[in-house]
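The block underneath contains the structure these notes are about, expressed in structure tokens.
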Amino acid sequence: MKKICAILVLVLISTLLVSAGQKEYGKKITLKEKTKISTILQSPEKFVGKKVLVTGTILAVCDKRGCWMELSSDKEAQKIKIKVKDGEIVFPMTGIGKKALVEGEVQKIFMSKEDAIKQGKHEAEERKTKFDPNSVKGDVTYYQIKGLGAVITD
Amino acid sequence: MKRWRRWLRAIHRDIGYILTGLTVIYSISGIAVNHADEWNPNYVIEKSTTVLKLDNKDLSSTQSIVDAIMSKAVDNEKLKNSFRPDSNTIKIFTEKHNINYDLSSGELTKEEIKARPILKASNFLHLNAPKRVWTYVADTFALGLIFLAVSGLFMVKGRNGMKWRGTWFTIAGILIPLLFLLLYYF
């Protein structure tokens, strides 16, 4: 019995040591070559539907369900949203400010003006910020990455 | 007492013991997640806002702004990362805080995010974040609860059992969800 307890403690400690420093989410990352977020944002149409591996600092995380996060680009004033299916991957809020490596598929999202206003209101409620519906001038097209797997590093 | 009823009580009792821990975890997490619109069931988010005016020499570059904020508004914390999402905003991430600085107003918002240790772990299991084998553990737990509910109906015989009291109470229990379905669903 004592031996079993000792083995269990050893397994627990080694698991904690292995997981310290970085944590994996979702599927294993398969791509080796990274694509700069600025390269994707410069000509996003070229990447739509393609799998990419990107890295950046986590700027924000969905505080309700951890179902999206925003990654900083390699260039100032640029960021990209990583969206996952609710419950499939849960990004931790404590990941904000840490580096993330994300593999996923580039998506083009089209929203009518009405939907963009609804979305803006919803996101503002989530982030407890203000939203001005007049800031939406018309239909909106934006690009995001459908996250498949991620590694967050301290 | 009939033999089958004695067996039923013994199995009901032992499965009940086994499922106690999981039932408590799922119930606590259930209450926490039920109120997700009113609070964050996983994290405590503490925010404080101050105004920090920077000198012109501090505003010469993104790096100088970050350095100035770190020296004037942060106590003994290492800088992890910083980013300028737009020309008017600087985001600074330290060991404990996420800082948002508005260059035009000088408004500095410090945010500290702390996990709620027990609740976050309970929600992690309740919402099946681990997936894999846990899915089957959770399925088995659900089947165990069904067994407890159904076997519980036959634990007691006579008027306190399904011959009178048990039947009426069971019907009342079934009517509760039906009533809310009538009110909100149909």
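The chains in the structure tokens are called A, B, ... from first to last as shown; in each chain the residues are counted from 1, and the ligands are counted from 1 in the order shown.
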Chain B residues near chain A (9 Å cut-off, only C-alpha atoms) as a PyMOL selection string: chain B and resi 36-37+40-43+80-87+91-95+97-98+113-115+127-129+131
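Omitting Lys36 in chain A and its sequence neighbours fewer than 5 positions away, and counting only C-alpha atoms, the residues within 10 Å are Leu41, Gln42, Val52, Leu53, Val54, Thr55, Gly56, Ser73, Asp74 and Lys75 of chain A.
You will find CA of Ala138 in chain B at 25.1 Å from CA of Phe154 in chain B.
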Members of range 5-178 of chain B assigned helix (DSSP H, G or I) by DSSP, as a PyMOL selection string: chain B and resi 5-34+56-59+62-73+117-126+132-153+165-178
Residues near Tyr143 in chain A, cut-off 7 Å, only C-alpha atoms, skip fewer than 2 positions along chain, as number ranges by chain: A: 106-109
Suppose we keep C-alpha atoms; can you now write the selection as a compact mmCIF listing (two decimals), in the first residue's frame?
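Once everything was written out, this is selection27.txt:
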```
# COMPACT_ATOMS: atom_id res chain seq x y z
CA VAL A 106 -7.97 31.43 -41.09
CA GLN A 107 -11.63 32.38 -41.46
CA LYS A 108 -13.35 35.23 -43.22
CA ILE A 109 -16.33 36.52 -41.29
```
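Nearest to Phe110 in chain A of all the residues A:Asp139, A:Asp86, A:Glu125, A:Asp132 is A:Asp139, based on only C-alpha atoms.
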